[in-house]
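*Asks:* Sharing data_16.pdb here; it has PDB, C-alpha atoms, pLDDT in the B column.
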```pdb
ATOM      1  CA  LEU A   1      -0.940  -8.790  -0.565  1.00 91.00           C
ATOM      2  CA  PHE A   2       0.060 -12.435  -0.530  1.00 88.00           C
ATOM      3  CA  VAL A   3      -3.154 -13.466   1.192  1.00 90.00           C
ATOM      4  CA  GLY A   4      -5.074 -11.699  -1.571  1.00 92.00           C
ATOM      5  CA  MET A   5      -3.015 -13.461  -4.199  1.00 92.00           C
ATOM      6  CA  ASP A   6      -3.573 -16.764  -2.412  1.00 91.00           C
ATOM      7  CA  ALA A   7      -7.307 -16.037  -2.440  1.00 92.00           C
ATOM      8  CA  GLY A   8      -7.273 -15.809  -6.221  1.00 91.00           C
ATOM      9  CA  MET A   9      -5.966 -12.397  -7.258  1.00 90.00           C
ATOM     10  CA  PRO A  10      -3.663 -12.785 -10.286  1.00 88.00           C
ATOM     11  CA  ALA A  11      -0.045 -11.690  -9.714  1.00 87.00           C
ATOM     12  CA  GLY A  12       0.053  -9.230 -12.618  1.00 84.00           C
ATOM     13  CA  LEU A  13      -3.176  -7.529 -11.616  1.00 85.00           C
ATOM     14  CA  SER A  14      -2.018  -7.482  -7.982  1.00 89.00           C
ATOM     15  CA  SER A  15       1.109  -5.636  -9.027  1.00 88.00           C
ATOM     16  CA  LEU A  16      -0.964  -3.070 -10.893  1.00 86.00           C
ATOM     17  CA  VAL A  17      -3.579  -2.593  -8.181  1.00 88.00           C
ATOM     18  CA  LEU A  18      -0.965  -2.335  -5.434  1.00 92.00           C
ATOM     19  CA  GLN A  19       0.308   0.866  -7.047  1.00 89.00           C
ATOM     20  CA  ILE A  20      -2.780   2.633  -5.740  1.00 91.00           C
ATOM     21  CA  GLN A  21      -0.634   2.979  -2.620  1.00 94.00           C
ATOM     22  CA  ALA A  22       0.457   6.328  -4.093  1.00 91.00           C
ATOM     23  CA  VAL A  23      -3.121   7.596  -3.818  1.00 92.00           C
ATOM     24  CA  PHE A  24      -3.422   6.251  -0.279  1.00 94.00           C
ATOM     25  CA  THR A  25      -0.096   7.852   0.636  1.00 95.00           C
ATOM     26  CA  ALA A  26      -1.288  11.244  -0.614  1.00 94.00           C
ATOM     27  CA  LEU A  27      -4.623  10.848   1.182  1.00 93.00           C
ATOM     28  CA  PHE A  28      -3.029   9.861   4.494  1.00 95.00           C
ATOM     29  CA  ALA A  29      -0.391  12.584   4.145  1.00 95.00           C
ATOM     30  CA  PHE A  30      -3.228  15.081   3.737  1.00 94.00           C
ATOM     31  CA  LEU A  31      -5.162  13.725   6.717  1.00 94.00           C
ATOM     32  CA  LEU A  32      -2.254  13.132   9.101  1.00 93.00           C
ATOM     33  CA  LEU A  33       0.450  15.576   8.014  1.00 92.00           C
ATOM     34  CA  GLY A  34      -1.628  18.369   6.510  1.00 92.00           C
ATOM     35  CA  GLU A  35       0.106  18.102   3.119  1.00 92.00           C
ATOM     36  CA  ARG A  36      -1.972  19.493   0.285  1.00 92.00           C
ATOM     37  CA  PRO A  37      -1.542  17.944  -3.169  1.00 89.00           C
ATOM     38  CA  ALA A  38      -1.423  20.242  -6.209  1.00 91.00           C
ATOM     39  CA  ARG A  39      -4.337  20.172  -8.648  1.00 93.00           C
ATOM     40  CA  ILE A  40      -2.377  18.218 -11.247  1.00 93.00           C
ATOM     41  CA  ARG A  41      -1.705  15.515  -8.661  1.00 90.00           C
ATOM     42  CA  LEU A  42      -5.390  15.391  -7.790  1.00 92.00           C
ATOM     43  CA  VAL A  43      -6.187  14.909 -11.478  1.00 94.00           C
ATOM     44  CA  GLY A  44      -3.569  12.151 -11.685  1.00 91.00           C
ATOM     45  CA  MET A  45      -5.043  10.433  -8.634  1.00 89.00           C
ATOM     46  CA  ALA A  46      -8.541  10.653 -10.136  1.00 92.00           C
ATOM     47  CA  VAL A  47      -7.279   8.992 -13.328  1.00 92.00           C
ATOM     48  CA  ALA A  48      -5.542   6.292 -11.273  1.00 87.00           C
ATOM     49  CA  LEU A  49      -8.701   5.653  -9.251  1.00 88.00           C
ATOM     50  CA  ALA A  50     -10.730   5.402 -12.456  1.00 90.00           C
ATOM     51  CA  GLY A  51      -8.284   2.798 -13.739  1.00 85.00           C
ATOM     52  CA  ILE A  52      -8.533   0.836 -10.516  1.00 81.00           C
ATOM     53  CA  GLY A  53     -12.319   1.087 -10.805  1.00 82.00           C
ATOM     54  CA  VAL A  54     -12.142  -0.485 -14.275  1.00 85.00           C
ATOM     55  CA  ALA A  55      -9.913  -3.243 -12.874  1.00 78.00           C
ATOM     56  CA  ALA A  56     -12.354  -3.775  -9.982  1.00 76.00           C
ATOM     57  CA  VAL A  57     -15.324  -4.139 -12.316  1.00 77.00           C
ATOM     58  CA  ASP A  58     -13.397  -6.600 -14.478  1.00 73.00           C
ATOM     59  CA  GLU A  59     -12.123  -8.558 -11.479  1.00 66.00           C
ATOM     60  CA  GLY A  60     -15.591  -8.589  -9.930  1.00 62.00           C
ATOM     61  CA  ALA A  61     -16.936 -10.194 -13.071  1.00 67.00           C
ATOM     62  CA  SER A  62     -14.158 -12.748 -13.459  1.00 73.00           C
ATOM     63  CA  GLY A  63     -12.522 -13.299 -10.077  1.00 74.00           C
ATOM     64  CA  PRO A  64     -13.020 -13.124  -6.321  1.00 84.00           C
ATOM     65  CA  LEU A  65     -13.812  -9.584  -5.238  1.00 85.00           C
ATOM     66  CA  GLY A  66     -12.605 -10.383  -1.699  1.00 90.00           C
ATOM     67  CA  ALA A  67      -9.107 -11.089  -3.036  1.00 91.00           C
ATOM     68  CA  PHE A  68      -9.211  -7.739  -4.856  1.00 89.00           C
ATOM     69  CA  ALA A  69     -10.227  -6.014  -1.608  1.00 91.00           C
ATOM     70  CA  LEU A  70      -7.307  -7.633   0.227  1.00 94.00           C
ATOM     71  CA  VAL A  71      -4.853  -6.199  -2.314  1.00 93.00           C
ATOM     72  CA  ILE A  72      -6.476  -2.764  -1.935  1.00 92.00           C
ATOM     73  CA  ALA A  73      -6.084  -3.127   1.854  1.00 96.00           C
ATOM     74  CA  ALA A  74      -2.406  -3.998   1.348  1.00 96.00           C
ATOM     75  CA  ALA A  75      -1.998  -0.813  -0.695  1.00 96.00           C
ATOM     76  CA  ALA A  76      -3.656   1.203   2.087  1.00 96.00           C
ATOM     77  CA  CYS A  77      -1.275  -0.309   4.633  1.00 95.00           C
ATOM     78  CA  TRP A  78       1.663   0.591   2.409  1.00 95.00           C
ATOM     79  CA  GLY A  79       0.345   4.174   2.248  1.00 95.00           C
ATOM     80  CA  VAL A  80       0.132   4.335   6.045  1.00 96.00           C
ATOM     81  CA  SER A  81       3.667   2.961   6.260  1.00 92.00           C
ATOM     82  CA  ASN A  82       4.944   5.670   3.911  1.00 92.00           C
ATOM     83  CA  VAL A  83       3.374   8.402   6.030  1.00 95.00           C
ATOM     84  CA  LEU A  84       4.651   6.899   9.289  1.00 92.00           C
ATOM     85  CA  THR A  85       8.157   6.717   7.842  1.00 90.00           C
ATOM     86  CA  ARG A  86       7.888  10.359   6.809  1.00 90.00           C
ATOM     87  CA  ARG A  87       6.675  11.334  10.265  1.00 91.00           C
ATOM     88  CA  ALA A  88       9.483   9.372  11.941  1.00 89.00           C
ATOM     89  CA  ALA A  89      11.999  11.417   9.938  1.00 88.00           C
ATOM     90  CA  PRO A  90      14.955   9.127  10.723  1.00 88.00           C
ATOM     91  CA  ALA A  91      18.392  10.740  10.669  1.00 91.00           C
ATOM     92  CA  ASP A  92      19.818   7.680   8.908  1.00 91.00           C
ATOM     93  CA  ALA A  93      17.135   6.488   6.488  1.00 88.00           C
ATOM     94  CA  LEU A  94      19.113   3.440   5.345  1.00 91.00           C
ATOM     95  CA  ASN A  95      19.669   2.203   8.900  1.00 91.00           C
ATOM     96  CA  PHE A  96      16.004   2.825   9.668  1.00 90.00           C
ATOM     97  CA  MET A  97      14.859   0.820   6.624  1.00 88.00           C
ATOM     98  CA  VAL A  98      17.195  -2.057   7.516  1.00 91.00           C
ATOM     99  CA  TRP A  99      15.663  -2.317  10.979  1.00 89.00           C
ATOM    100  CA  VAL A 100      12.034  -1.963   9.893  1.00 87.00           C
ATOM    101  CA  SER A 101      12.689  -4.653   7.280  1.00 88.00           C
ATOM    102  CA  THR A 102      14.479  -6.974   9.716  1.00 89.00           C
ATOM    103  CA  VAL A 103      12.168  -6.840  12.720  1.00 87.00           C
ATOM    104  CA  PRO A 104       9.034  -8.300  11.035  1.00 87.00           C
ATOM    105  CA  VAL A 105      10.839 -11.393   9.751  1.00 89.00           C
ATOM    106  CA  LEU A 106      10.275 -13.569  12.837  1.00 88.00           C
ATOM    107  CA  PRO A 107       6.551 -12.869  13.337  1.00 88.00           C
ATOM    108  CA  LEU A 108       5.917 -13.276   9.612  1.00 85.00           C
ATOM    109  CA  LEU A 109       7.867 -16.525   9.594  1.00 90.00           C
ATOM    110  CA  ALA A 110       5.745 -17.770  12.488  1.00 90.00           C
ATOM    111  CA  LEU A 111       2.561 -16.786  10.644  1.00 85.00           C
ATOM    112  CA  SER A 112       3.709 -18.550   7.498  1.00 86.00           C
ATOM    113  CA  LEU A 113       4.340 -21.738   9.479  1.00 90.00           C
ATOM    114  CA  LEU A 114       0.737 -21.680  10.740  1.00 86.00           C
ATOM    115  CA  ARG A 115      -0.515 -22.129   7.193  1.00 71.00           C
TER     116      ARG A 115
END
```
Take the structure I supplied and represent it as structure tokens, if you would.

*Replies:*
Amino acid sequence: LFVGMDAGMPAGLSSLVLQIQAVFTALFAFLLLGERPARIRLVGMAVALAGIGVAAVDEGASGPLGAFALVIAAAACWGVSNVLTRRAAPADALNFMVWVSTVPVLPLLALSLLR
């Protein structure tokens, strides 16, 4: 997400586009967990994808499309993360979230220092 923003994606639009993670979560849950979304959810996802399509066309005309693609990739990664967390089914969800939020700090700090 931050690499996409650094590449020129505006923060407000990034925030909006990142919410497509809900569509990715549903898609990955279908593919990996066999969950089937109801028709109304499919309609909602189609509307969301149409909105993202409008944003993509606008961004493609006025900004770097590669930055837009990086934010979409971040949303896909968030969707995968949601499904993996669901599959892990931790007994103590809070403890689990603390650890999965703590562990990446050092490698991400190292990566940020490379820049």

*Asks:* Identify all residues satisfying the PyMOL selection byres ((chain A and resi 51-57) around 12) in the given file; provide them as a PyMOL selection string.

*Replies:* chain A and resi 9-10+12-21+23+44-50+58-69+71-72+75

*Asks:* Please write as a ChimeraX atom specification the full residue list that the PyMOL selection byres ((chain A and resi 29) around 10) yields on this file.

*Replies:* /A:23-28,30-37,79-80,82-84,86-87

*Asks:* Between A:Ser112, A:Trp99, A:Ala93, A:Leu70, which residue has the minimum interatomic distance to Gly4 (chain A), considering all atoms listed in the file?

*Replies:*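 Of A:Ser112, A:Trp99, A:Ala93, A:Leu70, the one nearest Gly4 (chain A) is A:Leu70, counting all atoms listed in the file.
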
*Asks:* Can you tell me how far CA of Arg41 (chain A) sits from CA of Ala22 (chain A), in Å to one decimal?

*Replies:*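 Value for the CA of Arg41 (chain A)-CA of Ala22 (chain A) distance: 10.5 Å.
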
*Asks:* So which one's closest to Val3 (chain A), A:Ala88, A:Arg115, A:Ala38, A:Val105? Using all atoms listed in the file, please.

*Replies:*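 With all atoms listed in the file as the atom set, the closest residue is A:Arg115.
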